Protein chains: 2
Amino acid sequence: MIQYNYGTGDRKNWLIAETAFDRDHQGKCEAIFCLGNGYLGQRAALEEPYAGQTRGMFICGTFDRFDESEVTELPNAADLTQINLTLDGCRFAMDRGGLDSYLRVMDLKTGELTRTVQWQHPDGQRFRLVFSRFVSMADRHVLGQRVSVTPLDADCTLRMSSGIDGQVTNTGTQHFHEGTKRIFGNDILRMTTQTMESGVTVCLHAAHRYLLDGAEISGKLLPVLDRRAMRMQADFTVPQGHTLVLEKLSTVHTSRDLAFDGLPAEEAAGAAEEKGCKHLQEAKQKGYDLLFRESREAWEAIWRKQDIRIEAENETDQLLIRFALYHLMIMVNPGDSRVGIAAKGLTGEGYKGHSFWDTEIFILPYFMLTRPEIARTLLTYRFRGLVGARKKAKENGFAGAMYPWEAAWADDGEVTPLWGAADIVTGKPIPILTGILEQHITADIAYSVWQYAVATGDWAFMDRCGFEILLDTGRFWASRAEWIGEKDRYEIRHVIGPDEYKDNVDNNAYTNYMAAHNMRLALQAMDLLETRDTAESRALRARFDFPSLRQDLRRVLEKLYLPEPDADGIVPQFDGYFDLKHIDLTPYKGRQPGAIYNDYNQEQICTFQVHKQADTVVLLLLMDDLFSPDIRQKNYTFYEARTLHDSSLSRSTHCVLAADLGEIDTAYQFFTGCGETDMGPNMGSSDAGVHTASMGGIWQCVVYGFGGTRIRGQDLHIAPRLPAGWKRLIYPLTWHGQDLQVTAEGERLRVENRGTEAVTLCLKGRMTEIPAGAGAEV
Amino acid sequence: MIQYNYGTGDRKNWLIAETAFDRDHQGKCEAIFCLGNGYLGQRAALEEPYAGQTRGMFICGTFDRFDESEVTELPNAADLTQINLTLDGCRFAMDRGGLDSYLRVMDLKTGELTRTVQWQHPDGQRFRLVFSRFVSMADRHVLGQRVSVTPLDADCTLRMSSGIDGQVTNTGTQHFHEGTKRIFGNDILRMTTQTMESGVTVCLHAAHRYLLDGAEISGKLLPVLDRRAMRMQADFTVPQGHTLVLEKLSTVHTSRDLAFDGLPAEEAAGAAEEKGCKHLQEAKQKGYDLLFRESREAWEAIWRKQDIRIEAENETDQLLIRFALYHLMIMVNPGDSRVGIAAKGLTGEGYKGHSFWDTEIFILPYFMLTRPEIARTLLTYRFRGLVGARKKAKENGFAGAMYPWEAAWADDGEVTPLWGAADIVTGKPIPILTGILEQHITADIAYSVWQYAVATGDWAFMDRCGFEILLDTGRFWASRAEWIGEKDRYEIRHVIGPDEYKDNVDNNAYTNYMAAHNMRLALQAMDLLETRDTAESRALRARFDFPSLRQDLRRVLEKLYLPEPDADGIVPQFDGYFDLKHIDLTPYKGRQPGAIYNDYNQEQICTFQVHKQADTVVLLLLMDDLFSPDIRQKNYTFYEARTLHDSSLSRSTHCVLAADLGEIDTAYQFFTGCGETDMGPNMGSSDAGVHTASMGGIWQCVVYGFGGTRIRGQDLHIAPRLPAGWKRLIYPLTWHGQDLQVTAEGERLRVENRGTEAVTLCLKGRMTEIPAGAGAEV
């Protein structure tokens, strides 16, 4: 049972509480309460084991591939969090004996997760147990845990068993060699393991400290080595009413840490061990309290700059945006451009740690408009990914860069798995075609690169990375489009658009328009490059044959088929769309995502006018000047009626579009729906991890939708339209390097420029210059 | 809570019951209730998942090696037994809601395991649930399960979810590729996977059938494919008081099945799929009841011949021997000489499925004297193992065949892991030296080969396999013994004897005497071979240089140091033994095995007069004419006082020796102690699997110890000495191919010859001929 808005006073709208323990629904809280800092993510699996638990610690960029039949994925590293307590001879578990009280609280503001339990031993004696943990935001390698045990009715014997457990897998797939285990001085445990194929060394250290009423004691210690596991077992007698505390501090290092970048693998592995050990010694000196304070202060500093305030009737709205911001902050490792954002962040195994278009279209806007240095890091990852994208283009017989639908290592190329769920009719696994056919991602990346340039004016990045992406992706589309002689036009056949309930279609409107945009951006890039006199621009001019590329792009652009609205104003999602059958969607709308697969197989679903998610509607959002408001309205209405929103990507798009179209109540409903993707009552929705795109989507609902913020042409437009129940909305933006604060209240809009240079913005349709340090109100 | 002797009437002394469910101690019943037939072993993990459960299905001879740092082990195959029930929306688990009654009964006679539960939904409604399963003894590839659900208080909704789960590992190590999954016709599931390194294909099929009050119904079915897993989900409404039954039938085939022996790997894999599917179709035709009846009849046929009857005050004695016989019957796959008996049989991961000296010294006597064809199969495995043994000898710089301490594939050679538990003092893993130093196994195998020849007169086997083992092992010892010039003798230095609490000793008495015996057997083999005129004997004479080998053996035998009793009559276990310190063993005797490691490390333990297990005492048993009764008595008393019996191999040796020495009460205590290894109150003792050597040991206690049966020279001696509480003991033997039945009652001994030829036995010290079909009483 999850209770949102648990806190009061200072902590109001910062806390999410789990007020009852339900063994069948552990996955949800494991994911939504996930702790992390972008370097590592630690699922909130409870200390003691339960059936149905999924322990997971994911360290960014440690990809590995199990065998030829599987794809590269982010391995589940050895577990540091399991702690077993034996109280008066009985292994503590909340579903045995009696559970007098249970409360688990996630504090989004401080990043600490705390569980408080009063438990009755099967023989009747009561215990108060408090479990706390954090993953440091101040020092990304540190994980702290504290367990305190107070026997309430009598003295008790207590055994604490805690260590490092490498028996975990990715749903049965083991990525690690057993590696080496060492115990130093009876209190520091070390496990060093290596991924099987990619050879990434992961080095974990853990130290245990025991305190009775605050004073350190030693207990009777026994180190235990097991296969792939090691632990320290400690026995105590705890007097009634007194409190025994275990502080467990752990450090996580890998040979791929940025600090060791460039070192040969073996040296990096040695450095990880050495640094890890030293790091843990330092952490031990500080102890849980000080380490946590440092982490909390780091969180507070982030919140001071990043918090969005929503004063609303429904207080969950405030919590929801903070929940999204919290997860946006723990899904990315600032400065590490060798890795993208995973579809589930570091909160679970789902989608194997791969990056999709989710990053660029759903998540990047947040970073671009509030933390541009992170947006640059993310786009630099795509720049590094040109190697893999060129590889994929070549493998598929095209020129330029064809980005992988799913990406892991930057130079991997395509890593989409080949097979998915069972076909209900044939019993065979369904082939996953997205890796081959879902090609719009290449245009999505190009789109975002340009948006980033506009938002930041970061031409240094464009010289170094951005222009090259635009050129090579434009080139890809020019080679990808097929000349159809009998129609005297270019077409893009055999694709999957954003709507994955339709595979292998021709001339998907979204794809064709975005491809055209991509090609125009490439032309624009060449024009710009010719005006620039940097080393990089000269190098690009030398490497690319501009005249020939221009000619190719213009030739294709001129004759590329771009589906137009029909007589009713509806843009067909793809060729032949209007011939598809209608079916009654009542049994599926608002139900469990994918419920339609219980009745139809993919082949059948392809023949219906039914959509997993926004497709043409995304186009209407990304290019909001493409069609008239009337056409936008008609298409929005038409397609929404046929969309199941079975993808977590769907609702935020509809929210923003509804807001654009003035349907604020509907927009608000979609916003609430976005929140339900992870925070809602469906207790299974987040088992495999939270939906990172949905976190970005929630931000888009608030800032793009209700905040009315959008990049149009070269300008930032702000024209808020708050939902009925919202009194005030305050959010930060960064435009051309200047930090802004936007306040919307009723009809009033105020923008403060907290930067050092003036900015010119389009506020409610009027271009307004705001000097540094000043504000503007309209 | 386990209750032995649960049954009454016909089922008396055949049943073991678990009368209460304890989540912390699932391992014990998983192992002791393990179902199997030697081809496969299925641990008795409950259908629904619990923390602390260890699912395991082990298929004989499917060895695989995960990586270079690990050793070959028997992989845990995909699980067929998990079945999840959701009753009125709540996942069934016995530790939620209310458990009104619980009873799980293992029927040793029929091989069926049945659990009967009355369970209360958290909302109060009651259900009667019955779970049955068997692994067929009639058709070794078939596994049957039945689950019946009866709602007692109201109609209920029921979801059954059952399939094949390949997410299991060997404590975190994954041996299988994900493989392929197929569903045929909505009711047959197939998973085909392959081991990573050894390329063994395992093909599993499962079919589900649902019956309401005996009539087949279909329910609403949904096939679900997951990573490494697949299942069929079925929804029903069950009227109050009616019974819904799921029958799940599965088949298990591998590319290494005897039926496919000799086929190229790919063909064998295809054949496993094809045969598996056909096999399952046939099984489906028959259904659970008929398949179970066939299996039960196979079990009954075995029991008719193999049962041992003990009429005793303590009825558990009768159950204990049947428990041992049950496990002896499911630990070996008759006819498959490519694989040995694992230290834990097929009941758990412990010791990685490897074969030790346990087979020859503790288990083989049972097979040799009751099922000689299986003994022959086991020794043929050692004959096949000559390849690996020669490899090991060569690697270590010796001649002949040096058997691996731990064996997996016959041609592997040594597969003992290199590292074990943590050193309590240094924190480092302890190196495992047994693979290098525990060399007596080579002599143990030779000893058993000769015992087999004597017991069976199977000279064809000796020609084909036995003599070659004797020659090559004798040759090994001749090269192994070191000439110590200053002592004018050969010694065998740097070994571990049976007692593993002493590593790296010189002149271990057991090893030296057994090595001498081995060399004498090699000489004897040459003498015999020279009298024989078979193709094999000619070939051996041609291959081995008899004169030179004779000379080597005689030279070493003549001067090999064989430790003699000291002034007090004690044979030193090894050089310098009497210099070791005494320590007080009270804190460890009768405690958890290995408890001494909580206080001392291996290095320290090596300096004490303390033993894990019988060492010199085993020698006194295997060569009971080596020393006078007085010396035997003295050594037995001396060493027993210093032995912790921390090995499951220890007590049976002491039991038989105590019986030999007339200490019947003590012998009986050791017998009871043997039983406690797996059947006793220590709920953790069998987690990793039952102790197969202990099963053989229990048989030795009864037949060698109380039955007074022993091979001496060329003869079988029988001279019973029953414990005080035993009224009658009846057991079968096979001698020179003739089936005998021995009945001991008080002073009376009766032996019936049920064979077709006369036998001559030494009954109570008197050579007695018993014609075919007749009996002798003394």
# chains A, B, ... in the order shown; residues from 1 in each chain; ligands from 1

call {"tool": "residues_around", "arguments": {"residues": "region 9-20 of chain B", "least_positions_apart": "3", "cutoff": "8 Å", "atoms": "only C-alpha atoms", "output": "list in words"}}
result
Met1, Ile2, Gln3, Tyr4, Asn5, Tyr6, Cys29, Tyr102, Leu103, Arg104, Val105, Met106, Asp107, Leu108, Lys109, Glu315, Thr316, Gln318, Leu319 and Arg322 of chain B

call {"tool": "closest_atom_pairs", "arguments": {"of": "chain B", "to": "chain A", "cutoff": "6 Å", "atoms": "only C-alpha atoms", "output": "Markdown table"}}
result
| residue | atom | partner | partner_atom | distance |
| --- | --- | --- | --- | --- |
| B:Tyr50 | CA | A:Ala51 | CA | 4.9 |
| B:Ala51 | CA | A:Ala51 | CA | 4.6 |
| B:Gln167 | CA | A:Gly172 | CA | 3.9 |
| B:Val168 | CA | A:Gly172 | CA | 5.9 |
| B:Thr171 | CA | A:Gln167 | CA | 5.7 |
| B:Gly172 | CA | A:Gln167 | CA | 3.9 |
| B:Gln174 | CA | A:Gln174 | CA | 5.7 |
| B:Arg182 | CA | A:Lys428 | CA | 5.5 |
| B:Ile183 | CA | A:Gly427 | CA | 4.4 |
| B:Leu225 | CA | A:Ala421 | CA | 5.0 |
| B:Ala421 | CA | A:Leu225 | CA | 5.1 |
| B:Ala422 | CA | A:Leu225 | CA | 5.2 |
| B:Gly427 | CA | A:Ile183 | CA | 4.5 |
| B:Lys428 | CA | A:Arg182 | CA | 5.5 |

call {"tool": "closest_atom_pairs", "arguments": {"of": "region 586-676 of chain A", "to": "region 497-515 of chain A", "cutoff": "10 Å", "atoms": "only C-alpha atoms", "output": "tab-separated table"}}
result
residue	atom	partner	partner_atom	distance
A:Gly594	CA	A:Tyr501	CA	9.9
A:Gln602	CA	A:Tyr501	CA	7.2
A:Glu603	CA	A:Asp503	CA	8.7
A:Gln604	CA	A:Tyr501	CA	9.8
A:Ile605	CA	A:Tyr501	CA	6.5
A:Cys606	CA	A:Lys502	CA	4.9
A:Thr607	CA	A:Lys502	CA	8.1
A:Phe608	CA	A:Lys502	CA	8.8
A:Gln609	CA	A:Lys502	CA	9.3
A:Val610	CA	A:Tyr501	CA	7.3
A:His611	CA	A:Tyr501	CA	5.7
A:Lys612	CA	A:Tyr501	CA	5.5
A:Gln613	CA	A:Asp499	CA	5.3
A:Ala614	CA	A:Asp499	CA	6.4
A:Asp615	CA	A:Pro498	CA	5.1
A:Thr616	CA	A:Tyr510	CA	5.6
A:Val617	CA	A:Tyr510	CA	8.5
A:Val618	CA	A:Tyr510	CA	7.5
A:Leu619	CA	A:Tyr510	CA	5.5
A:Leu620	CA	A:Tyr510	CA	8.8
A:Leu622	CA	A:Met514	CA	9.1
A:Met623	CA	A:Met514	CA	8.9
A:Leu626	CA	A:Tyr513	CA	9.4
A:Thr643	CA	A:Asp499	CA	9.2
A:His645	CA	A:Asp499	CA	9.9
A:Asp646	CA	A:Tyr501	CA	9.7
A:Ser647	CA	A:Asp499	CA	8.8
A:Leu649	CA	A:Pro498	CA	9.4
A:Ser650	CA	A:Asp499	CA	9.3

call {"tool": "residues_around", "arguments": {"residues": "region 248-265 of chain A", "least_positions_apart": "3", "cutoff": "7 Å", "atoms": "only C-alpha atoms", "output": "ChimeraX atom specification"}}
result
/A:141-146,200-209,268-269,272,276,280,284,336

call {"tool": "closest_residue", "arguments": {"among": "A:Ala478, A:Met137, A:Cys60, A:Ala658", "to": "Gly340 (chain A)", "atoms": "only C-alpha atoms"}}
result
A:Cys60

call {"tool": "select_by_dssp", "arguments": {"residues": "region 509-726 of chain A", "states": "strand (DSSP E or B)", "output": "compact mmCIF listing (two decimals) with all heavy atoms, in the first residue's frame"}}
result
# COMPACT_ATOMS: atom_id res chain seq x y z
N LEU A 560 10.47 13.90 -51.94
CA LEU A 560 10.10 12.96 -50.88
C LEU A 560 8.62 13.08 -50.58
O LEU A 560 8.09 14.18 -50.37
CB LEU A 560 10.91 13.22 -49.60
CG LEU A 560 10.57 12.28 -48.44
CD1 LEU A 560 10.94 10.83 -48.78
CD2 LEU A 560 11.29 12.71 -47.16
N LYS A 581 -9.27 -2.04 -40.34
CA LYS A 581 -10.55 -2.28 -39.66
C LYS A 581 -10.64 -1.48 -38.36
O LYS A 581 -9.64 -1.27 -37.68
CB LYS A 581 -10.69 -3.76 -39.29
CG LYS A 581 -11.07 -4.65 -40.43
CD LYS A 581 -11.50 -6.04 -39.95
CE LYS A 581 -10.36 -6.88 -39.42
NZ LYS A 581 -9.53 -7.52 -40.44
N PHE A 608 -5.75 -3.57 -37.62
CA PHE A 608 -6.76 -2.74 -36.96
C PHE A 608 -6.31 -1.28 -36.86
O PHE A 608 -5.12 -1.00 -36.79
CB PHE A 608 -7.03 -3.22 -35.52
CG PHE A 608 -7.43 -4.67 -35.41
CD1 PHE A 608 -7.03 -5.43 -34.31
CD2 PHE A 608 -8.23 -5.28 -36.37
CE1 PHE A 608 -7.40 -6.75 -34.18
CE2 PHE A 608 -8.60 -6.62 -36.24
CZ PHE A 608 -8.19 -7.35 -35.15
N HIS A 611 -3.73 1.82 -31.84
CA HIS A 611 -2.35 2.24 -31.65
C HIS A 611 -1.89 2.03 -30.23
O HIS A 611 -2.65 2.20 -29.29
CB HIS A 611 -2.19 3.72 -32.00
CG HIS A 611 -2.81 4.02 -33.33
ND1 HIS A 611 -2.32 3.51 -34.49
CD2 HIS A 611 -3.92 4.72 -33.66
CE1 HIS A 611 -3.09 3.88 -35.49
NE2 HIS A 611 -4.08 4.63 -35.03
N THR A 643 -6.08 5.13 -29.76
CA THR A 643 -4.80 4.87 -29.07
C THR A 643 -5.04 4.29 -27.69
O THR A 643 -5.82 4.84 -26.90
CB THR A 643 -3.99 6.18 -28.97
OG1 THR A 643 -3.71 6.63 -30.29
CG2 THR A 643 -2.68 5.96 -28.23
N THR A 709 5.82 26.27 -22.51
CA THR A 709 7.19 26.56 -22.94
C THR A 709 7.51 25.73 -24.17
O THR A 709 7.20 24.54 -24.20
CB THR A 709 8.16 26.20 -21.79
OG1 THR A 709 7.79 26.97 -20.65
CG2 THR A 709 9.60 26.48 -22.18
N ARG A 710 8.13 26.34 -25.16
CA ARG A 710 8.49 25.59 -26.36
C ARG A 710 9.54 26.37 -27.13
O ARG A 710 9.54 27.60 -27.15
CB ARG A 710 7.26 25.38 -27.27
CG ARG A 710 7.32 24.14 -28.16
CD ARG A 710 7.09 22.87 -27.35
NE ARG A 710 5.92 23.00 -26.49
CZ ARG A 710 4.66 22.84 -26.94
NH1 ARG A 710 4.43 22.55 -28.19
NH2 ARG A 710 3.65 22.97 -26.12
N ILE A 711 10.43 25.61 -27.77
CA ILE A 711 11.37 26.25 -28.69
C ILE A 711 10.70 26.33 -30.05
O ILE A 711 10.23 25.30 -30.58
CB ILE A 711 12.67 25.44 -28.81
CG1 ILE A 711 13.36 25.34 -27.44
CG2 ILE A 711 13.60 26.06 -29.84
CD1 ILE A 711 14.52 24.37 -27.40
N ARG A 712 10.61 27.54 -30.58
CA ARG A 712 10.06 27.68 -31.95
C ARG A 712 11.05 28.51 -32.74
O ARG A 712 11.39 29.63 -32.32
CB ARG A 712 8.70 28.36 -31.94
CG ARG A 712 7.60 27.50 -31.37
CD ARG A 712 6.19 27.94 -31.76
NE ARG A 712 5.25 27.04 -31.08
CZ ARG A 712 4.74 27.26 -29.87
NH1 ARG A 712 5.01 28.38 -29.22
NH2 ARG A 712 3.94 26.37 -29.32
N ASP A 715 13.66 30.77 -31.02
CA ASP A 715 13.22 31.41 -29.79
C ASP A 715 12.57 30.48 -28.78
O ASP A 715 11.99 29.46 -29.13
CB ASP A 715 12.23 32.52 -30.14
CG ASP A 715 12.85 33.52 -31.09
OD1 ASP A 715 14.00 33.94 -30.81
OD2 ASP A 715 12.23 33.83 -32.13
N LEU A 716 12.65 30.95 -27.55
CA LEU A 716 11.95 30.24 -26.48
C LEU A 716 10.63 30.97 -26.20
O LEU A 716 10.62 32.16 -25.91
CB LEU A 716 12.79 30.22 -25.20
CG LEU A 716 12.18 29.39 -24.07
CD1 LEU A 716 12.19 27.90 -24.43
CD2 LEU A 716 12.93 29.61 -22.76
N HIS A 717 9.55 30.21 -26.36
CA HIS A 717 8.22 30.76 -26.12
C HIS A 717 7.73 30.29 -24.76
O HIS A 717 7.90 29.12 -24.42
CB HIS A 717 7.25 30.28 -27.20
CG HIS A 717 7.53 30.85 -28.55
ND1 HIS A 717 6.63 31.65 -29.23
CD2 HIS A 717 8.62 30.77 -29.35
CE1 HIS A 717 7.15 32.01 -30.39
NE2 HIS A 717 8.36 31.48 -30.49
N ILE A 718 7.12 31.19 -24.02
CA ILE A 718 6.50 30.82 -22.74
C ILE A 718 5.11 31.44 -22.69
O ILE A 718 4.97 32.66 -22.83
CB ILE A 718 7.31 31.30 -21.53
CG1 ILE A 718 8.78 30.80 -21.63
CG2 ILE A 718 6.69 30.80 -20.23
CD1 ILE A 718 9.68 31.28 -20.51
N TRP A 726 -4.71 24.53 -10.28
CA TRP A 726 -3.36 25.01 -9.96
C TRP A 726 -3.38 26.50 -9.68
O TRP A 726 -3.78 27.30 -10.51
CB TRP A 726 -2.39 24.74 -11.13
CG TRP A 726 -2.02 23.29 -11.27
CD1 TRP A 726 -2.68 22.23 -10.75
CD2 TRP A 726 -0.90 22.76 -11.99
NE1 TRP A 726 -2.06 21.05 -11.09
CE2 TRP A 726 -0.96 21.35 -11.86
CE3 TRP A 726 0.15 23.33 -12.72
CZ2 TRP A 726 -0.01 20.50 -12.44
CZ3 TRP A 726 1.08 22.49 -13.31
CH2 TRP A 726 1.01 21.08 -13.16

call {"tool": "closest_residue", "arguments": {"among": "A:Pro417, A:Pro372, A:Gly746, A:Pro565", "to": "Pro431 (chain A)", "atoms": "only C-alpha atoms"}}
result
A:Pro417

call {"tool": "atom_distance", "arguments": {"atom1": "CA of Thr54 (chain A)", "atom2": "CA of Ser355 (chain A)"}}
result
21.8 Å

call {"tool": "atom_distance", "arguments": {"atom1": "CA of Leu129 (chain A)", "atom2": "CA of Arg115 (chain A)"}}
result
8.0 Å

call {"tool": "atom_distance", "arguments": {"atom1": "CA of Arg642 (chain A)", "atom2": "CA of Thr677 (chain A)"}}
result
19.5 Å

call {"tool": "select_by_dssp", "arguments": {"residues": "region 171-279 of chain B", "states": "alpha helix (DSSP H)", "output": "list of chain:residue names"}}
result
B:Ala265, B:Glu266, B:Glu267, B:Ala268, B:Ala269, B:Gly270, B:Ala271, B:Ala272, B:Glu273, B:Glu274, B:Lys275, B:Gly276, B:Cys277, B:Lys278, B:His279

call {"tool": "write_last_selection", "arguments": {"atoms": "N, CA and C atoms", "output": "mmCIF file, in the first residue's frame"}}
result
data_model
loop_
_atom_site.group_PDB
_atom_site.id
_atom_site.type_symbol
_atom_site.label_atom_id
_atom_site.label_comp_id
_atom_site.auth_asym_id
_atom_site.auth_seq_id
_atom_site.Cartn_x
_atom_site.Cartn_y
_atom_site.Cartn_z
ATOM 1 N N ALA B 265 26.675 -34.671 -32.321
ATOM 2 C CA ALA B 265 25.982 -33.811 -31.352
ATOM 3 C C ALA B 265 24.689 -33.223 -31.907
ATOM 4 N N GLU B 266 24.741 -32.723 -33.135
ATOM 5 C CA GLU B 266 23.558 -32.050 -33.657
ATOM 6 C C GLU B 266 22.416 -33.031 -33.898
ATOM 7 N N GLU B 267 22.776 -34.194 -34.401
ATOM 8 C CA GLU B 267 21.750 -35.220 -34.613
ATOM 9 C C GLU B 267 21.142 -35.648 -33.291
ATOM 10 N N ALA B 268 22.007 -35.811 -32.300
ATOM 11 C CA ALA B 268 21.528 -36.229 -30.978
ATOM 12 C C ALA B 268 20.594 -35.179 -30.410
ATOM 13 N N ALA B 269 20.929 -33.899 -30.634
ATOM 14 C CA ALA B 269 20.079 -32.824 -30.128
ATOM 15 C C ALA B 269 18.712 -32.876 -30.804
ATOM 16 N N GLY B 270 18.724 -33.065 -32.112
ATOM 17 C CA GLY B 270 17.465 -33.181 -32.853
ATOM 18 C C GLY B 270 16.662 -34.377 -32.375
ATOM 19 N N ALA B 271 17.358 -35.486 -32.157
ATOM 20 C CA ALA B 271 16.684 -36.702 -31.704
ATOM 21 C C ALA B 271 16.047 -36.487 -30.337
ATOM 22 N N ALA B 272 16.735 -35.718 -29.468
ATOM 23 C CA ALA B 272 16.192 -35.456 -28.129
ATOM 24 C C ALA B 272 14.889 -34.676 -28.241
ATOM 25 N N GLU B 273 14.845 -33.709 -29.142
ATOM 26 C CA GLU B 273 13.614 -32.936 -29.328
ATOM 27 C C GLU B 273 12.497 -33.821 -29.861
ATOM 28 N N GLU B 274 12.847 -34.582 -30.857
ATOM 29 C CA GLU B 274 11.833 -35.403 -31.529
ATOM 30 C C GLU B 274 11.288 -36.467 -30.575
ATOM 31 N N LYS B 275 12.225 -37.165 -29.948
ATOM 32 C CA LYS B 275 11.813 -38.231 -29.044
ATOM 33 C C LYS B 275 11.057 -37.642 -27.858
ATOM 34 N N GLY B 276 11.530 -36.485 -27.375
ATOM 35 C CA GLY B 276 10.884 -35.850 -26.229
ATOM 36 C C GLY B 276 9.432 -35.539 -26.522
ATOM 37 N N CYS B 277 9.190 -35.008 -27.705
ATOM 38 C CA CYS B 277 7.840 -34.606 -28.061
ATOM 39 C C CYS B 277 6.944 -35.836 -28.167
ATOM 40 N N LYS B 278 7.453 -36.857 -28.839
ATOM 41 C CA LYS B 278 6.685 -38.094 -29.013
ATOM 42 C C LYS B 278 6.403 -38.724 -27.640
ATOM 43 N N HIS B 279 7.441 -38.715 -26.839
ATOM 44 C CA HIS B 279 7.358 -39.287 -25.509
ATOM 45 C C HIS B 279 6.271 -38.586 -24.687
#

call {"tool": "closest_residue", "arguments": {"among": "B:Asn753, B:Thr760, B:Arg728, B:Val117", "to": "Ile310 (chain B)", "atoms": "only C-alpha atoms"}}
result
B:Arg728

call {"tool": "closest_residue", "arguments": {"among": "A:Ala481, A:Ile302, A:Ile664, A:Leu523", "to": "Leu562 (chain A)", "atoms": "only C-alpha atoms"}}
result
A:Ala481
